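Take a look at the structure below.
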Amino acid sequence: MTEDYLARIGNLIRDSRKHRGLTQTQLAEALGTSQSAVNRIERGHQNLSLEMIARIGAALDSEIVALGHTTPTHLRVVGGSQLSGAIDVKTSKNAGVALLCASLLNKGRTTLRKVARIEEVNRILDVLHSIGVKTRWLNEENDLEIVRPEQLDLDALDLEAARRTRSIIMFLGPLLHDETRFKLPYAGGCDLGTRTIEPHMHALRPFGLEVKATGGFYHAEVDRSVSPKRPIVLIERSDTGTENVLLAAARNPSVTIIRNASPNYMVQDLCVFLQKLGVQIDGLGTTTLTVQGVEEISTDVDYAPSEDPIEAMSLLTAAIVTGSQLTVRRAPVEFLEIELAILEEMGLDYSRSNEYVAANGFTRLVDLEVRPSRLHSPIDKIHPMPFPGLNVDNIPFFAGIAAVAHGSTLIHDWVYENRALHLTELTKLGATVKLADPHRIYVEGPTRWRAAEVICPPALRPAVVILLGMMAAKGTSVLRNVYVIHRGYEELAERLNQLGAQIETFRDI
Ligand SMILES: CC(=O)N[C@H]1[C@@H](OP(=O)(O)OP(=O)(O)OC[C@H]2O[C@@H](n3ccc(=O)[nH]c3=O)[C@H](O)[C@@H]2O)O[C@H](CO)[C@@H](O)[C@@H]1O
Ligand SMILES: C=C(OP(=O)(O)O)C(=O)O
């Protein structure tokens, strides 16, 4: 069994044991083994026989392992209790995947600290492995080492893994430096309606990249005699679009000016990382970036991406919908300012600590303490804008928050065609959510939450809001098929359980 499987099985065993209210010693007694053996098993440090897995399953009255790896995972949520204590925000999915793609630029050793160990990252790792990149988790802190070979084996690219993520599109920027012809499968990710990649194509054309999208693949051809002659203007302030141009500019020996660049958190992390690789970037955090690339990068680099503002918002929402007092530590405040200002206007009682700096030496963090509050709906509609506006990925959380606030809230997600639609699933838990059109919902609060069984919508944030609603609803709810949540959150159920939630992970036989 590979270490990865052992760690996953260990996690399942630990969750299941905790859910049964057993200590490691009690489980050890039931199995006729020692507490230290159980400890090793749970940490994934012990090889397991099938017989042992069956005995553990019997002792915990739980199906630990199902045959095949496609069996979906579900959550059983006993809701209605408050959370308490403090929780640290983990590093971001979106910087994590961008930095993994960026590691392709570097012929030296890339070490990334405390990478979010989430399915989205796993899929990019699957793709990197398939083309010959060596990656290794270094420790339990989730530090990750990446070393690419001189020549990538693009013919062996893991198509199935690539198709499951949006981030594969960010291979275009790095690959155009070394390859003249290659193909990538269409990008996946959350199903939020049509998600254009035209801004990427438009912005990469000046680097000599021509892409034809046919038959499920982007067929790329690179003319390396072509180099940007004038500033590149992004036709949309796209996050991954900006990242792709940065990845193309990083090894272009002339100066690239990017206008209408996204200054969002993942872009800032990528810029700081590229600077560590020797790429000069001016304008960090603004919409005009000036990049002086370096033709060959071969540096041993060590970088710690910053905390995830979207996870911070998810945790704040967990406290708000369950009426809890909770401290969310390590929240990247610059990327939550507007969210916090709106919550304050809605009546949220909270305080923030002094600012301190994240491990990337750049991002400003605070600890936020949220207290039970009587919320009312905001006067104006809630709508996203490119940073420094309210983050579009935080919009779904406002649906959960509006559901516990008194009054009617209009939420207008002009960005994504389907995301607002997914939020109507909250009605299954008793919320009043009316779809005005595919982009706008009215949420009427407060809600008398009720437990229900719901299948995860194919979109990460709406799925998490439904989970949070289940935590607020008295009784037992079931959330089915939660891969989409694992795409973006590491051990979310386990971490919420440490705060007092009761969430059990289970699988079909
Ligand atoms: C891996 C990753 O980093 N994913 C994030 C990234 O996706 P991604 O980079 O794919 O999303 P984009 O920033 O390109 O934009 C998202 C959508 O907004 C529209 N748009 C965007 C900017 C603009 O000025 N006008 C406009 O209409 C685009 O058409 C697109 O459909 O950014 C999104 C928007 O923050 C987030 O939801 C995703 O979590
Ligand atoms: C839309 C999202 O992600 P992705 O771009 O990976 O689909 C998200 O993080 O909510």
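Numbering starts fresh at 1 for the residues of each chain in the structure tokens, the chains themselves are lettered A, B, ... in the order given, and ligands are numbered from 1 as they appear.
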Open item on the list: Please identify all protein, DNA and RNA residues within 9 Å of ligand 1, counting only C-alpha atoms and all ligand atoms, and report them as a VMD selection string.
Closed with: chain A and resid 93 to 98 120 165 to 170 189 to 190 192 to 200 234 to 243 260 262 264 266 to 267 310 385 to 387 391 to 394 414 to 417
- [ ] Looking only at alpha helix (DSSP H) from DSSP on the backbone, list the matching residues of stretch 90-151 of chain A as a list in words.
- [x]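 Checking each residue of stretch 90-151 of chain A, the alpha helix (DSSP H) ones are Lys93, Asn94, Ala95, Gly96, Val97, Ala98, Leu99, Leu100, Cys101, Ala102, Glu119, Glu120, Val121, Asn122, Arg123, Ile124, Leu125, Asp126, Val127, Leu128, His129 and Ser130 of chain A.
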Those same residues, written as a CSV table (one decimal), in the first residue's frame with N, CA and C atoms?
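Heads up, here's the output in out-v4.csv:
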chain,number,residue,atom,x,y,z
A,93,LYS,N,-6.0,27.2,-1.8
A,93,LYS,CA,-6.1,26.4,-3.0
A,93,LYS,C,-5.6,27.1,-4.2
A,94,ASN,N,-6.0,28.3,-4.4
A,94,ASN,CA,-5.7,29.0,-5.6
A,94,ASN,C,-4.3,29.4,-5.8
A,95,ALA,N,-3.6,29.8,-4.7
A,95,ALA,CA,-2.2,30.0,-4.8
A,95,ALA,C,-1.5,28.7,-4.9
A,96,GLY,N,-1.9,27.6,-4.2
A,96,GLY,CA,-1.3,26.3,-4.2
A,96,GLY,C,-1.2,25.8,-5.6
A,97,VAL,N,-2.3,25.8,-6.4
A,97,VAL,CA,-2.3,25.3,-7.7
A,97,VAL,C,-1.4,26.2,-8.7
A,98,ALA,N,-1.5,27.5,-8.5
A,98,ALA,CA,-0.7,28.4,-9.3
A,98,ALA,C,0.8,28.1,-9.1
A,99,LEU,N,1.2,27.9,-7.9
A,99,LEU,CA,2.6,27.7,-7.6
A,99,LEU,C,3.1,26.3,-8.1
A,100,LEU,N,2.2,25.4,-8.1
A,100,LEU,CA,2.6,24.1,-8.6
A,100,LEU,C,2.8,24.2,-10.1
A,101,CYS,N,2.0,24.9,-10.8
A,101,CYS,CA,2.2,25.2,-12.2
A,101,CYS,C,3.5,26.0,-12.4
A,102,ALA,N,3.7,26.9,-11.5
A,102,ALA,CA,4.9,27.8,-11.7
A,102,ALA,C,6.2,27.0,-11.4
A,119,GLU,N,-7.8,18.0,-2.9
A,119,GLU,CA,-7.9,17.2,-4.1
A,119,GLU,C,-7.5,18.0,-5.3
A,120,GLU,N,-7.7,19.3,-5.3
A,120,GLU,CA,-7.3,20.1,-6.5
A,120,GLU,C,-5.8,20.1,-6.6
A,121,VAL,N,-5.1,20.2,-5.5
A,121,VAL,CA,-3.6,20.0,-5.5
A,121,VAL,C,-3.2,18.6,-5.9
A,122,ASN,N,-4.0,17.6,-5.4
A,122,ASN,CA,-3.6,16.2,-5.7
A,122,ASN,C,-3.8,16.0,-7.2
A,123,ARG,N,-4.8,16.6,-7.9
A,123,ARG,CA,-5.0,16.4,-9.3
A,123,ARG,C,-3.8,17.0,-10.1
A,124,ILE,N,-3.4,18.2,-9.7
A,124,ILE,CA,-2.2,18.8,-10.4
A,124,ILE,C,-1.0,17.9,-10.1
A,125,LEU,N,-0.8,17.4,-8.9
A,125,LEU,CA,0.3,16.5,-8.6
A,125,LEU,C,0.2,15.3,-9.5
A,126,ASP,N,-1.0,14.7,-9.7
A,126,ASP,CA,-1.1,13.6,-10.5
A,126,ASP,C,-0.6,13.9,-11.9
A,127,VAL,N,-1.0,15.1,-12.4
A,127,VAL,CA,-0.5,15.5,-13.8
A,127,VAL,C,1.0,15.7,-13.8
A,128,LEU,N,1.5,16.3,-12.8
A,128,LEU,CA,3.0,16.6,-12.8
A,128,LEU,C,3.7,15.2,-12.7
A,129,HIS,N,3.3,14.3,-11.9
A,129,HIS,CA,3.9,13.0,-11.8
A,129,HIS,C,3.9,12.3,-13.2
A,130,SER,N,2.7,12.4,-13.9
A,130,SER,CA,2.6,11.7,-15.1
A,130,SER,C,3.6,12.2,-16.2
Open item on the list: My list of candidates is A:Ile9, A:Leu27, A:Val147, A:Val301. Which is closest to A:Leu112 when distances are computed with only C-alpha atoms?
Closed with: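 Closest to A:Leu112 of all the choices is A:Val301.
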TODO: Show which residues sit within 8 Å of A:Pro458, as a list in words. Count only C-alpha atoms, and ignore same-chain residues fewer than 3 positions away.
DONE: Cys190, Asp191, Ala463 and Val484 of chain A
TODO: For atom CA of A:Ala402 and atom CA of A:Tyr483, determine how far apart the two atoms are, in Å to one decimal place.
DONE: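 Atom CA of A:Tyr483 lies at a distance of 26.0 Å from atom CA of A:Ala402.
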Task: Near-A:Asn106 list (7 Å; only C-alpha atoms; drop same-chain fewer than 4 positions) as a PyMOL selection string - done: chain A and resi 297-299
